[in-house]
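Participant: Just so it is clear, I am handing over run_27.pdb, which has PDB, C-alpha atoms.
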ATOM      1  CA  MET A 280    -107.691  94.070 -94.455
ATOM      2  CA  ILE A 281    -107.155  90.440 -95.488
ATOM      3  CA  LEU A 282    -109.468  89.691 -98.393
ATOM      4  CA  ARG A 283    -112.623  87.765 -97.669
ATOM      5  CA  GLY A 284    -112.630  84.104 -98.642
ATOM      6  CA  MET A 285    -108.869  84.231 -99.175
ATOM      7  CA  ARG A 286    -106.974  81.067 -99.995
ATOM      8  CA  LYS A 287    -103.248  80.442 -99.806
ATOM      9  CA  THR A 288    -101.216  80.064-102.987
ATOM     10  CA  ARG A 289     -97.705  78.891-103.734
ATOM     11  CA  GLY A 290     -96.724  82.563-103.811
ATOM     12  CA  PHE A 291     -97.973  83.066-100.256
ATOM     13  CA  VAL A 292     -96.214  79.953 -98.974
ATOM     14  CA  LEU A 293     -92.917  80.980-100.552
ATOM     15  CA  GLY A 294     -93.388  84.584 -99.453
ATOM     16  CA  LEU A 295     -94.162  83.475 -95.920
ATOM     17  CA  ALA A 296     -91.048  81.304 -95.886
ATOM     18  CA  ALA A 297     -88.963  84.242 -97.066
ATOM     19  CA  CYS A 298     -90.367  86.532 -94.385
ATOM     20  CA  VAL A 299     -89.827  83.921 -91.690
ATOM     21  CA  ALA A 300     -86.230  83.692 -92.887
ATOM     22  CA  VAL A 301     -85.926  87.414 -92.195
ATOM     23  CA  ALA A 302     -87.300  86.880 -88.709
ATOM     24  CA  ALA A 303     -85.137  83.927 -87.813
ATOM     25  CA  ALA A 304     -82.148  83.816 -90.113
ATOM     26  CA  GLY A 305     -79.663  81.210 -88.962
ATOM     27  CA  ASN A 306     -81.795  79.660 -86.243
ATOM     28  CA  ALA A 307     -83.302  76.771 -88.199
ATOM     29  CA  ALA A 308     -82.859  74.750 -91.354
ATOM     30  CA  ARG A 309     -85.606  73.339 -93.543
ATOM     31  CA  ALA A 310     -86.220  69.630 -93.088
ATOM     32  CA  ASP A 311     -87.971  67.227 -95.463
ATOM     33  CA  PHE A 312     -89.820  64.142 -94.263
ATOM     34  CA  LEU A 313     -91.728  61.175 -95.676
ATOM     35  CA  PHE A 314     -95.429  61.160 -94.872
ATOM     36  CA  ASN A 315     -98.227  58.713 -95.641
ATOM     37  CA  PRO A 316    -101.492  60.616 -95.113
ATOM     38  CA  THR A 317    -103.675  57.501 -94.961
ATOM     39  CA  GLY A 318    -101.581  55.885 -92.236
ATOM     40  CA  VAL A 319    -101.061  52.580 -94.016
ATOM     41  CA  GLY A 320     -97.344  52.657 -93.219
ATOM     42  CA  GLY A 321     -94.320  51.914 -95.357
ATOM     43  CA  ALA A 322     -92.465  54.036 -97.865
ATOM     44  CA  GLY A 323     -94.645  52.890-100.755
ATOM     45  CA  GLY A 324     -97.027  55.731-101.555
ATOM     46  CA  ALA A 325     -95.421  58.048 -98.997
ATOM     47  CA  LEU A 326     -94.970  61.706 -99.965
ATOM     48  CA  ASN A 327     -91.805  63.768 -99.559
ATOM     49  CA  LEU A 328     -93.003  66.876 -97.703
ATOM     50  CA  THR A 329     -91.714  70.037 -96.061
ATOM     51  CA  GLY A 330     -94.873  70.774 -94.112
ATOM     52  CA  PHE A 331     -98.619  71.238 -93.900
ATOM     53  CA  ASP A 332    -100.924  73.970 -95.196
ATOM     54  CA  PRO A 333    -103.852  74.442 -92.794
ATOM     55  CA  LYS A 334    -107.033  76.165 -93.860
ATOM     56  CA  PRO A 335    -107.779  79.476 -92.141
ATOM     57  CA  GLY A 336    -108.425  78.512 -88.540
ATOM     58  CA  ASN A 337    -109.267  79.880 -85.127
ATOM     59  CA  GLY A 338    -107.082  81.354 -82.432
ATOM     60  CA  LEU A 339    -108.094  82.416 -78.932
ATOM     61  CA  GLY A 340    -106.002  84.395 -76.476
ATOM     62  CA  GLN A 341    -107.492  83.319 -73.141
ATOM     63  CA  GLY A 342    -106.851  86.266 -70.823
ATOM     64  CA  GLN A 343    -105.116  88.258 -73.584
ATOM     65  CA  VAL A 344    -107.107  91.467 -73.067
ATOM     66  CA  THR A 345    -106.593  91.300 -69.304
ATOM     67  CA  ALA A 346    -102.830  90.816 -69.701
ATOM     68  CA  THR A 347    -102.625  93.652 -72.231
ATOM     69  CA  ASN A 348    -104.514  96.004 -69.931
ATOM     70  CA  ASN A 349    -102.120  95.085 -67.122
ATOM     71  CA  VAL A 350     -99.147  96.115 -69.265
ATOM     72  CA  ILE A 351    -100.836  99.343 -70.376
ATOM     73  CA  ALA A 352    -101.487 100.210 -66.729
ATOM     74  CA  ALA A 353     -97.804  99.544 -65.947
ATOM     75  CA  GLY A 354     -96.635 102.034 -68.596
ATOM     76  CA  GLY A 355     -96.511  99.807 -71.680
ATOM     77  CA  THR A 356     -93.658  97.453 -70.804
ATOM     78  CA  GLY A 357     -94.438  93.909 -69.737
ATOM     79  CA  ALA A 358     -92.480  90.921 -68.471
ATOM     80  CA  ASP A 359     -92.726  87.139 -68.323
ATOM     81  CA  VAL A 360     -94.748  87.196 -65.116
ATOM     82  CA  ALA A 361     -98.168  85.771 -64.282
ATOM     83  CA  ALA A 362    -100.045  89.072 -64.642
ATOM     84  CA  ASP A 363     -98.761  89.588 -68.192
ATOM     85  CA  ARG A 364     -99.243  86.007 -69.462
ATOM     86  CA  PHE A 365    -102.113  84.452 -71.368
ATOM     87  CA  GLN A 366    -102.804  81.127 -73.110
ATOM     88  CA  PHE A 367    -103.165  81.143 -76.893
ATOM     89  CA  TYR A 368    -105.224  78.306 -78.398
ATOM     90  CA  TYR A 369    -105.192  77.304 -82.080
ATOM     91  CA  GLN A 370    -107.248  74.866 -84.141
ATOM     92  CA  ALA A 371    -107.561  74.276 -87.876
ATOM     93  CA  SER A 372    -108.097  71.603 -90.503
ATOM     94  CA  THR A 373    -105.998  70.964 -93.615
ATOM     95  CA  SER A 374    -106.148  72.646 -97.002
ATOM     96  CA  ALA A 375    -103.143  70.853 -98.518
ATOM     97  CA  LEU A 376     -99.735  69.341 -97.826
ATOM     98  CA  LEU A 377     -96.499  71.073 -98.881
ATOM     99  CA  ASP A 378     -94.167  69.131-101.166
ATOM    100  CA  ALA A 379     -90.358  69.350-101.294
ATOM    101  CA  ASN A 380     -90.582  72.594-103.303
ATOM    102  CA  GLY A 381     -93.174  74.227-101.071
ATOM    103  CA  ASN A 382     -95.995  73.627-103.556
ATOM    104  CA  ALA A 383     -99.482  72.738-102.363
ATOM    105  CA  LEU A 384    -100.291  69.053-102.785
ATOM    106  CA  VAL A 385    -103.766  67.604-102.210
ATOM    107  CA  PRO A 386    -103.581  63.804-101.897
ATOM    108  CA  ALA A 387    -106.529  61.624-102.809
ATOM    109  CA  GLY A 388    -109.118  61.400-100.045
ATOM    110  CA  LEU A 389    -108.073  64.483 -98.082
ATOM    111  CA  ASN A 390    -111.215  66.138 -96.665
ATOM    112  CA  THR A 391    -113.434  63.477 -98.253
ATOM    113  CA  THR A 392    -112.482  60.111 -96.752
ATOM    114  CA  TYR A 393    -110.182  61.393 -94.000
ATOM    115  CA  GLN A 394    -109.213  64.633 -92.273
ATOM    116  CA  ILE A 395    -105.967  65.991 -90.825
ATOM    117  CA  THR A 396    -106.335  68.628 -88.114
ATOM    118  CA  TYR A 397    -104.167  70.678 -85.740
ATOM    119  CA  THR A 398    -104.639  71.810 -82.162
ATOM    120  CA  GLY A 399    -102.206  73.990 -80.282
ATOM    121  CA  SER A 400    -101.768  75.802 -76.988
ATOM    122  CA  ILE A 401     -98.963  78.257 -76.215
ATOM    123  CA  THR A 402     -98.265  80.396 -73.145
ATOM    124  CA  LEU A 403     -97.435  83.914 -74.355
ATOM    125  CA  TYR A 404     -96.753  87.110 -72.439
ATOM    126  CA  VAL A 405     -97.179  90.755 -73.350
ATOM    127  CA  ARG A 406     -93.750  92.290 -73.912
ATOM    128  CA  SER A 407     -94.914  95.785 -74.819
ATOM    129  CA  VAL A 408     -97.922  97.854 -75.822
ATOM    130  CA  THR A 409     -97.878 101.086 -77.790
ATOM    131  CA  GLY A 410    -101.200 102.930 -77.866
ATOM    132  CA  SER A 411    -104.486 101.356 -76.805
ATOM    133  CA  LEU A 412    -106.462  98.148 -77.259
ATOM    134  CA  THR A 413    -108.344  99.603 -80.226
ATOM    135  CA  ASN A 414    -105.594 101.722 -81.774
ATOM    136  CA  GLY A 415    -102.135 100.409 -81.043
ATOM    137  CA  THR A 416     -99.612  97.591 -81.283
ATOM    138  CA  ALA A 417     -98.880  94.815 -78.825
ATOM    139  CA  VAL A 418     -95.792  92.584 -79.002
ATOM    140  CA  TYR A 419     -95.811  89.158 -77.363
ATOM    141  CA  GLY A 420     -93.070  86.744 -76.314
ATOM    142  CA  VAL A 421     -93.102  82.989 -75.763
ATOM    143  CA  SER A 422     -93.163  82.423 -72.019
ATOM    144  CA  GLY A 423     -90.471  80.415 -70.285
ATOM    145  CA  ALA A 424     -93.205  79.100 -67.970
ATOM    146  CA  GLN A 425     -95.340  77.064 -70.364
ATOM    147  CA  ALA A 426     -98.644  75.724 -69.051
ATOM    148  CA  ALA A 427     -99.092  71.978 -68.679
ATOM    149  CA  ASN A 428    -101.414  71.926 -71.708
ATOM    150  CA  SER A 429     -98.994  73.767 -74.029
ATOM    151  CA  GLY A 430     -97.894  72.124 -77.261
ATOM    152  CA  LEU A 431     -98.993  71.320 -80.806
ATOM    153  CA  THR A 432    -100.717  68.118 -81.929
ATOM    154  CA  ILE A 433    -101.453  66.810 -85.431
ATOM    155  CA  TRP A 434    -104.474  64.495 -85.734
ATOM    156  CA  GLN A 435    -105.762  62.156 -88.445
ATOM    157  CA  ALA A 436    -109.277  60.715 -88.574
ATOM    158  CA  ASN A 437    -110.614  58.326 -91.199
ATOM    159  CA  GLY A 438    -114.104  58.875 -92.507
ATOM    160  CA  ALA A 439    -115.947  62.004 -93.585
ATOM    161  CA  PRO A 440    -114.475  65.188 -92.030
ATOM    162  CA  VAL A 441    -116.132  66.165 -88.752
ATOM    163  CA  ALA A 442    -114.204  69.313 -87.751
ATOM    164  CA  ASN A 443    -116.597  72.244 -87.358
ATOM    165  CA  ASP A 444    -115.158  75.765 -87.142
ATOM    166  CA  LEU A 445    -118.207  77.389 -85.546
ATOM    167  CA  LEU A 446    -118.878  74.679 -82.954
ATOM    168  CA  GLY A 447    -115.162  74.152 -82.348
ATOM    169  CA  THR A 448    -115.658  70.394 -82.322
ATOM    170  CA  GLY A 449    -114.052  67.504 -84.192
ATOM    171  CA  PHE A 450    -110.490  68.852 -84.219
ATOM    172  CA  THR A 451    -109.278  66.127 -81.861
ATOM    173  CA  ALA A 452    -111.084  63.307 -83.656
ATOM    174  CA  GLY A 453    -109.197  60.173 -84.614
ATOM    175  CA  THR A 454    -105.549  59.539 -83.768
ATOM    176  CA  ALA A 455    -102.890  61.911 -82.500
ATOM    177  CA  ILE A 456    -100.135  61.234 -85.055
ATOM    178  CA  LEU A 457     -97.583  63.747 -83.735
ATOM    179  CA  ARG A 458     -97.127  65.778 -80.566
ATOM    180  CA  ALA A 459     -94.645  68.581 -80.036
ATOM    181  CA  SER A 460     -93.571  70.786 -77.131
ATOM    182  CA  VAL A 461     -92.997  74.539 -77.243
ATOM    183  CA  ILE A 462     -89.442  75.825 -77.642
ATOM    184  CA  THR A 463     -88.958  79.022 -75.655
ATOM    185  CA  ASN A 464     -86.233  80.535 -77.855
ATOM    186  CA  PRO A 465     -85.859  84.296 -78.390
ATOM    187  CA  THR A 466     -87.088  84.191 -81.996
ATOM    188  CA  GLY A 467     -90.550  82.998 -81.015
ATOM    189  CA  GLY A 468     -93.324  85.485 -80.482
ATOM    190  CA  ALA A 469     -96.211  87.382 -81.979
ATOM    191  CA  ASN A 470     -97.672  90.826 -82.494
ATOM    192  CA  PHE A 471    -100.997  92.463 -83.301
ATOM    193  CA  THR A 472    -101.867  95.973 -84.456
ATOM    194  CA  ALA A 473    -105.419  97.212 -83.878
ATOM    195  CA  THR A 474    -106.827  99.976 -86.068
ATOM    196  CA  GLY A 475    -110.232 100.765 -84.643
ATOM    197  CA  VAL A 476    -113.507  98.849 -84.331
ATOM    198  CA  ASP A 477    -114.908  97.141 -87.438
ATOM    199  CA  GLY A 478    -118.521  96.046 -87.076
ATOM    200  CA  ASN A 479    -119.491  92.436 -86.474
ATOM    201  CA  TYR A 480    -116.962  89.978 -85.084
ATOM    202  CA  ASP A 481    -118.270  87.315 -87.509
ATOM    203  CA  GLN A 482    -118.384  88.635 -91.097
ATOM    204  CA  HIS A 483    -118.246  85.214 -92.764
ATOM    205  CA  ASN A 484    -121.644  84.418 -94.292
ATOM    206  CA  ALA A 485    -124.346  84.720 -91.595
ATOM    207  CA  ASN A 486    -123.433  86.466 -88.354
ATOM    208  CA  ASP A 487    -123.305  83.646 -85.813
ATOM    209  CA  TRP A 488    -122.148  85.980 -83.023
ATOM    210  CA  PRO A 489    -124.980  88.552 -82.785
ATOM    211  CA  GLY A 490    -124.270  91.441 -80.469
ATOM    212  CA  VAL A 491    -120.474  91.030 -80.650
ATOM    213  CA  THR A 492    -118.382  93.533 -82.588
ATOM    214  CA  THR A 493    -114.599  93.503 -82.838
ATOM    215  CA  VAL A 494    -111.454  95.524 -83.113
ATOM    216  CA  ASN A 495    -109.999  95.559 -86.609
ATOM    217  CA  GLY A 496    -106.390  94.558 -87.065
ATOM    218  CA  GLN A 497    -103.623  92.268 -88.219
ATOM    219  CA  GLY A 498    -100.587  90.569 -86.804
ATOM    220  CA  GLY A 499     -98.680  87.326 -86.829
ATOM    221  CA  LEU A 500     -97.150  84.565 -84.775
ATOM    222  CA  GLN A 501     -94.079  82.350 -85.048
ATOM    223  CA  VAL A 502     -93.421  79.523 -82.595
ATOM    224  CA  ASP A 503     -91.018  76.566 -82.816
ATOM    225  CA  PHE A 504     -91.718  73.140 -81.344
ATOM    226  CA  ASN A 505     -89.648  70.052 -80.580
ATOM    227  CA  VAL A 506     -91.324  66.835 -81.669
ATOM    228  CA  ILE A 507     -91.768  64.700 -78.558
ATOM    229  CA  PRO A 508     -89.659  61.532 -78.991
ATOM    230  CA  GLY A 509     -91.776  58.535 -79.894
ATOM    231  CA  SER A 510     -94.882  60.632 -80.654
ATOM    232  CA  ALA A 511     -94.556  60.645 -84.472
ATOM    233  CA  ASN A 512     -96.725  57.732 -85.557
ATOM    234  CA  PRO A 513     -94.542  55.561 -87.849
ATOM    235  CA  ASN A 514     -97.562  54.627 -89.958
ATOM    236  CA  PHE A 515     -97.749  58.288 -91.026
ATOM    237  CA  PHE A 516     -94.232  59.650 -90.529
ATOM    238  CA  ILE A 517     -92.126  57.088 -92.352
ATOM    239  CA  THR A 518     -88.631  56.448 -91.007
ATOM    240  CA  PRO A 519     -85.794  56.050 -91.782
ATOM    241  CA  PRO A 520     -84.887  58.357 -93.535
ATOM    242  CA  PRO A 521     -85.720  61.157 -92.993
ATOM    243  CA  THR A 522     -87.020  61.892 -89.540
ATOM    244  CA  ILE A 523     -88.980  64.864 -88.238
ATOM    245  CA  ILE A 524     -87.594  66.467 -85.074
ATOM    246  CA  GLY A 525     -88.916  70.024 -85.099
ATOM    247  CA  ILE A 526     -91.826  72.007 -86.514
ATOM    248  CA  ARG A 527     -92.620  75.703 -86.841
ATOM    249  CA  LEU A 528     -96.037  77.346 -86.770
ATOM    250  CA  SER A 529     -96.012  80.640 -88.715
ATOM    251  CA  THR A 530     -99.280  82.539 -89.013
ATOM    252  CA  LEU A 531    -101.019  85.694 -90.101
ATOM    253  CA  ASN A 532    -103.738  86.712 -87.628
ATOM    254  CA  SER A 533    -106.539  89.073 -88.581
ATOM    255  CA  LEU A 534    -109.850  90.590 -87.504
ATOM    256  CA  PRO A 535    -112.721  90.568 -88.245
ATOM    257  CA  PHE A 536    -113.407  86.956 -89.270
ATOM    258  CA  THR A 537    -114.023  86.878 -93.030
ATOM    259  CA  ALA A 538    -112.886  83.417 -94.227
ATOM    260  CA  ILE A 539    -114.381  81.113 -91.561
ATOM    261  CA  ASP A 540    -116.706  81.227 -88.570
ATOM    262  CA  PRO A 541    -115.300  82.137 -85.142
ATOM    263  CA  SER A 542    -115.276  79.077 -82.862
ATOM    264  CA  ARG A 543    -117.485  78.759 -79.816
ATOM    265  CA  LEU A 544    -115.250  76.137 -78.207
ATOM    266  CA  PHE A 545    -111.593  75.105 -77.942
ATOM    267  CA  PRO A 546    -110.351  71.800 -76.492
ATOM    268  CA  THR A 547    -108.271  72.465 -73.390
ATOM    269  CA  LEU A 548    -105.661  69.888 -74.566
ATOM    270  CA  GLY A 549    -104.653  69.222 -70.979
ATOM    271  CA  PRO A 550    -105.298  66.060 -68.936
ATOM    272  CA  GLY A 551    -108.766  66.119 -67.436
ATOM    273  CA  GLY A 552    -109.392  69.805 -68.142
ATOM    274  CA  ALA A 553    -112.613  71.415 -69.313
ATOM    275  CA  ASN A 554    -113.038  72.809 -72.812
ATOM    276  CA  VAL A 555    -112.390  76.534 -73.239
ATOM    277  CA  THR A 556    -115.341  78.791 -74.059
ATOM    278  CA  PRO A 557    -114.395  82.256 -75.398
ATOM    279  CA  ASN A 558    -115.275  85.172 -73.100
ATOM    280  CA  LEU A 559    -115.176  88.133 -75.488
ATOM    281  CA  GLY A 560    -117.608  90.631 -74.025
ATOM    282  CA  SER A 561    -119.440  92.943 -76.413
ATOM    283  CA  VAL A 562    -116.309  94.063 -78.320
ATOM    284  CA  ASN A 563    -113.796  91.340 -79.129
ATOM    285  CA  GLY A 564    -110.307  92.536 -78.281
ATOM    286  CA  GLN A 565    -111.492  95.315 -75.967
ATOM    287  CA  THR A 566    -114.071  94.202 -73.426
ATOM    288  CA  GLY A 567    -112.588  90.683 -72.998
ATOM    289  CA  PRO A 568    -110.860  89.093 -70.953
ATOM    290  CA  ASP A 569    -110.326  86.936 -74.049
ATOM    291  CA  MET A 570    -109.606  87.777 -77.709
ATOM    292  CA  GLY A 571    -110.384  85.628 -80.750
ATOM    293  CA  VAL A 572    -108.557  85.953 -84.084
ATOM    294  CA  GLN A 573    -108.705  84.393 -87.520
ATOM    295  CA  VAL A 574    -105.466  82.476 -88.080
ATOM    296  CA  ASP A 575    -103.962  81.647 -91.482
ATOM    297  CA  GLY A 576    -100.537  80.071 -91.754
ATOM    298  CA  VAL A 577     -98.320  77.099 -92.414
ATOM    299  CA  ILE A 578     -96.663  74.356 -90.361
ATOM    300  CA  THR A 579     -93.198  73.473 -91.607
ATOM    301  CA  ALA A 580     -90.585  70.948 -90.554
ATOM    302  CA  VAL A 581     -87.391  72.590 -89.274
ATOM    303  CA  ILE A 582     -84.201  71.648 -87.478
ATOM    304  CA  PRO A 583     -84.178  74.195 -84.644
ATOM    305  CA  GLU A 584     -80.942  75.106 -82.920
ATOM    306  CA  PRO A 585     -80.795  75.226 -79.104
ATOM    307  CA  SER A 586     -82.093  78.486 -77.681
ATOM    308  CA  SER A 587     -78.711  79.104 -76.045
ATOM    309  CA  VAL A 588     -77.089  79.698 -79.429
ATOM    310  CA  VAL A 589     -79.905  81.669 -81.020
ATOM    311  CA  LEU A 590     -78.883  85.291 -81.419
ATOM    312  CA  THR A 591     -81.880  86.753 -83.221
ATOM    313  CA  GLY A 592     -84.094  88.643 -80.752
ATOM    314  CA  LEU A 593     -87.833  89.187 -80.746
ATOM    315  CA  GLY A 594     -87.392  92.695 -82.117
ATOM    316  CA  VAL A 595     -86.173  91.203 -85.383
ATOM    317  CA  ALA A 596     -88.836  88.515 -85.229
ATOM    318  CA  GLY A 597     -91.463  91.205 -84.837
ATOM    319  CA  PHE A 598     -90.086  92.962 -87.909
ATOM    320  CA  GLY A 599     -90.260  89.720 -89.852
ATOM    321  CA  ILE A 600     -93.878  89.114 -88.869
ATOM    322  CA  ALA A 601     -94.829  92.655 -89.857
ATOM    323  CA  THR A 602     -93.075  92.169 -93.199
ATOM    324  CA  LEU A 603     -94.940  88.889 -93.641
ATOM    325  CA  VAL A 604     -98.278  90.672 -93.117
ATOM    326  CA  ARG A 605     -97.467  93.420 -95.620
ATOM    327  CA  ARG A 606     -96.224  90.962 -98.246
ATOM    328  CA  LYS A 607     -99.300  88.769 -98.047
ATOM    329  CA  ARG A 608    -101.550  91.819 -98.236
ATOM    330  CA  ALA A 609     -99.760  92.886-101.434
ATOM    331  CA  GLN A 610    -100.055  89.387-102.924
ATOM    332  CA  LEU A 611    -103.796  89.303-102.262
ATOM    333  CA  ALA A 612    -104.458  92.803-103.626
TER     334      ALA A 612
END
Taking this structure as input, can you express it in the form of structure tokens?
Facilitator:
Amino acid sequence: MILRGMRKTRGFVLGLAACVAVAAAGNAARADFLFNPTGVGGAGGALNLTGFDPKPGNGLGQGQVTATNNVIAAGGTGADVAADRFQFYYQASTSALLDANGNALVPAGLNTTYQITYTGSITLYVRSVTGSLTNGTAVYGVSGAQAANSGLTIWQANGAPVANDLLGTGFTAGTAILRASVITNPTGGANFTATGVDGNYDQHNANDWPGVTTVNGQGGLQVDFNVIPGSANPNFFITPPPTIIGIRLSTLNSLPFTAIDPSRLFPTLGPGGANVTPNLGSVNGQTGPDMGVQVDGVITAVIPEPSSVVLTGLGVAGFGIATLVRRKRAQLA
């Protein structure tokens, strides 16, 4: 199990990068960029970064349990069709920025006079299931039919931080400083291995989800995004040079929640849509239709190659994510 109250270290960031390289060797190159976290613009005071280090955050697979049950009923092999798809939501605030060497960097004012947050939405589908919801492994692919609200957004808000993990509010406060669209290349995907039921869903401080237990388990996710042209706010992302054209979200997902509170709300991220309220049932990950997970990862700048020339399949990506999970577990032991 991931240790309670865990925090990322340089070793984790470098280890995660190494494992991601296993999963996607040859499909992307690291990219540096200049970033001014206060949004005052200009190269003066800008930082040379390779990415962002979010705090442990929240993920929600809306319809994930339903889609998984559909694949189990079909014999364990799924496809990129409506019955096997679900929408995965992500939200987190920032722990640190990552400098040119991958080291954590905490600029003055972060999480005191301003906040940087992340919201994401990705259409996944269940590729395969071995075993059951409570004792088995599911592998997920990035759907070629992304929902209208899919994508990843980075936000910056001046003033005291207002993001609240439990309430699920404040993650879209301030200004959207970058927006990116999902790349549906073969290296993207996720997996999760459940190993039984492990007491309360919320095991971080007080139990804010009384009556809800959860499956126990771990997994990971890797998804690439193209930065939408014109969306990178030039007061934050300083150009030229360099520019930022692609980003990668790489995560470790775990249950139960031990580092933060599980969110009660996720912004839909789509135009005019209602917020998403988790529907977990009495056992998260089993009685669904939805499944919430604790998400810990990094967001790095990359130069992704077109999906047509990517040769690494999801099987290798799944191996890389599993390796990532084992390596972080060893580092935290």
Participant: Under the PyMOL selection byres ((chain A and resi 547) around 12), which residues of this model are included? Write them out as a VMD selection string.
Facilitator: chain A and resid 339 341 366 to 370 398 to 401 426 to 431 447 to 448 450 to 451 544 to 546 548 to 557
Participant: May I have the protein, DNA and RNA residues with any atom at most 6 Å from the point (-92.8, 78.6, -88.4), counting all atoms listed in the file, written as a list of chain:residue names?
Facilitator: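 Every polymer residue passing the test: A:Gln501, A:Val502, A:Arg527, A:Leu528, A:Ser529.
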Participant: Taking only C-alpha atoms into account, which of A:Gly423, A:Gly576, A:Gly564, A:Pro465 comes nearest Gly342 (chain A)?
Facilitator: A:Gly564
Participant: Could you check the closest approach to Met570 (chain A) for each of A:Ala325, A:Ala473, A:Val344, A:Ala371 and tell me which residue wins, using only C-alpha atoms?
Facilitator: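 Checking each of A:Ala325, A:Ala473, A:Val344, A:Ala371 against Met570 (chain A), counting only C-alpha atoms, the winner is A:Val344.
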Participant: For the file shown, what are the residues hit by the PyMOL selection byres ((chain A and resi 514) around 8), laid out as a list in words?
Facilitator: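 For this structure, the PyMOL selection byres ((chain A and resi 514) around 8) captures Asn315, Gly318, Val319, Gly320, Gly321, Asn512, Pro513, Phe515, Phe516 and Ile517 of chain A.
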Participant: For Asn382 (chain A), which residue out of A:Gly490, A:Pro535, A:Gly330, A:Gly467 is the nearest one, using all atoms listed in the file?
Facilitator: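 Distance minimum relative to Asn382 (chain A) lands on A:Gly330.
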Participant: For a quick check of understanding, using only C-alpha atoms, which of A:Asn495, A:Asn443, A:Thr329, A:Asn479 has the smallest distance to Leu377 (chain A)?
Facilitator: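 Smallest separation from Leu377 (chain A) among the options: A:Thr329.
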Participant: For Ala387 (chain A), please output as a list in words all residues within 12 Å (counting only C-alpha atoms; exclusion window: fewer than 3 positions along the same chain).
Facilitator: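 The filter keeps Asn315, Pro316, Thr317, Gly324, Leu326, Ala375, Leu376, Leu384, Asn390, Thr391, Thr392, Tyr393 and Gln394 of chain A.
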Participant: Which of these, A:Leu389, A:Ala511, A:Ala436, A:Val491, has the shortest distance to Ile526 (chain A) once you count only C-alpha atoms?
Facilitator: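 Among the listed residues, the smallest separation from Ile526 (chain A) belongs to A:Ala511.
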Participant: Quick one, how far is CA of Ala459 (chain A) from CA of Asp378 (chain A)?
Facilitator: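 According to the coordinates, CA of Ala459 (chain A) and CA of Asp378 (chain A) are separated by 21.1 Å.
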Participant: For the file shown, report as a PyMOL selection string the outcome of the PyMOL selection byres ((chain A and resi 488) around 10) at residue level.
Facilitator: chain A and resi 445+479-482+485-487+489-492+540-543+561
Participant: Which is closest to Ser510 (chain A) among A:Ile462, A:Ile395, A:Val577, A:Ile433, if we use all atoms listed in the file?
Facilitator: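 Of A:Ile462, A:Ile395, A:Val577, A:Ile433, the one nearest Ser510 (chain A) is A:Ile433, counting all atoms listed in the file.
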Participant: Enter the distance from CA of Leu534 (chain A) to CA of Gly567 (chain A), in Å, rounded to one decimal.
Facilitator: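 The value is 14.8 Å.
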Participant: At what distance in Å, to one decimal, does CA of Phe331 (chain A) lie from CA of Leu313 (chain A)?
Facilitator: 12.3 Å
Participant: Taking 3 positions as the minimum chain separation for residues in the same chain, which residues sit within 7 Å of Val562 (chain A) when counting all atoms listed in the file? Answer as a list in words.
Facilitator: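 Residues near the query, excluding close chain neighbours: Val491, Thr492, Thr493, Val494, Leu559, Gln565 and Thr566 of chain A.
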Participant: Counting only C-alpha atoms, what is within 12 Å of Ile524 (chain A), bar same-chain residues fewer than 5 positions away, as an mmCIF file with C-alpha atoms, in the coordinates of the input?
Facilitator:
data_model
loop_
_atom_site.group_PDB
_atom_site.id
_atom_site.type_symbol
_atom_site.label_atom_id
_atom_site.label_comp_id
_atom_site.auth_asym_id
_atom_site.auth_seq_id
_atom_site.Cartn_x
_atom_site.Cartn_y
_atom_site.Cartn_z
ATOM 1 C CA ALA A 307 -83.302 76.771 -88.199
ATOM 2 C CA ALA A 308 -82.859 74.750 -91.354
ATOM 3 C CA ARG A 309 -85.606 73.339 -93.543
ATOM 4 C CA ALA A 310 -86.220 69.630 -93.088
ATOM 5 C CA ASP A 311 -87.971 67.227 -95.463
ATOM 6 C CA PHE A 312 -89.820 64.142 -94.263
ATOM 7 C CA LEU A 457 -97.583 63.747 -83.735
ATOM 8 C CA ARG A 458 -97.127 65.778 -80.566
ATOM 9 C CA ALA A 459 -94.645 68.581 -80.036
ATOM 10 C CA SER A 460 -93.571 70.786 -77.131
ATOM 11 C CA ASP A 503 -91.018 76.566 -82.816
ATOM 12 C CA PHE A 504 -91.718 73.140 -81.344
ATOM 13 C CA ASN A 505 -89.648 70.052 -80.580
ATOM 14 C CA VAL A 506 -91.324 66.835 -81.669
ATOM 15 C CA ILE A 507 -91.768 64.700 -78.558
ATOM 16 C CA PRO A 508 -89.659 61.532 -78.991
ATOM 17 C CA GLY A 509 -91.776 58.535 -79.894
ATOM 18 C CA SER A 510 -94.882 60.632 -80.654
ATOM 19 C CA ALA A 511 -94.556 60.645 -84.472
ATOM 20 C CA PHE A 516 -94.232 59.650 -90.529
ATOM 21 C CA THR A 518 -88.631 56.448 -91.007
ATOM 22 C CA THR A 579 -93.198 73.473 -91.607
ATOM 23 C CA ALA A 580 -90.585 70.948 -90.554
ATOM 24 C CA VAL A 581 -87.391 72.590 -89.274
ATOM 25 C CA ILE A 582 -84.201 71.648 -87.478
ATOM 26 C CA PRO A 583 -84.178 74.195 -84.644
ATOM 27 C CA GLU A 584 -80.942 75.106 -82.920
#
Participant: Box for region 350-365 of chain A: with edges along x, y and z, all listed atoms inside and 8 Å added on each side, what are the centre and edge lengths in Å to one decimal, as lines of an AutoDock Vina configuration file?
Facilitator:
center_x = -97.3
center_y = 93.2
center_z = -68.0
size_x = 25.6
size_y = 33.6
size_z = 23.4
Participant: Counting all atoms listed in the file, what is within 6 Å of Gly498 (chain A), bar same-chain residues fewer than 3 positions away, as a list in words?
Facilitator: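 That gives Asn470, Phe471, Leu531 and Asn532 of chain A.
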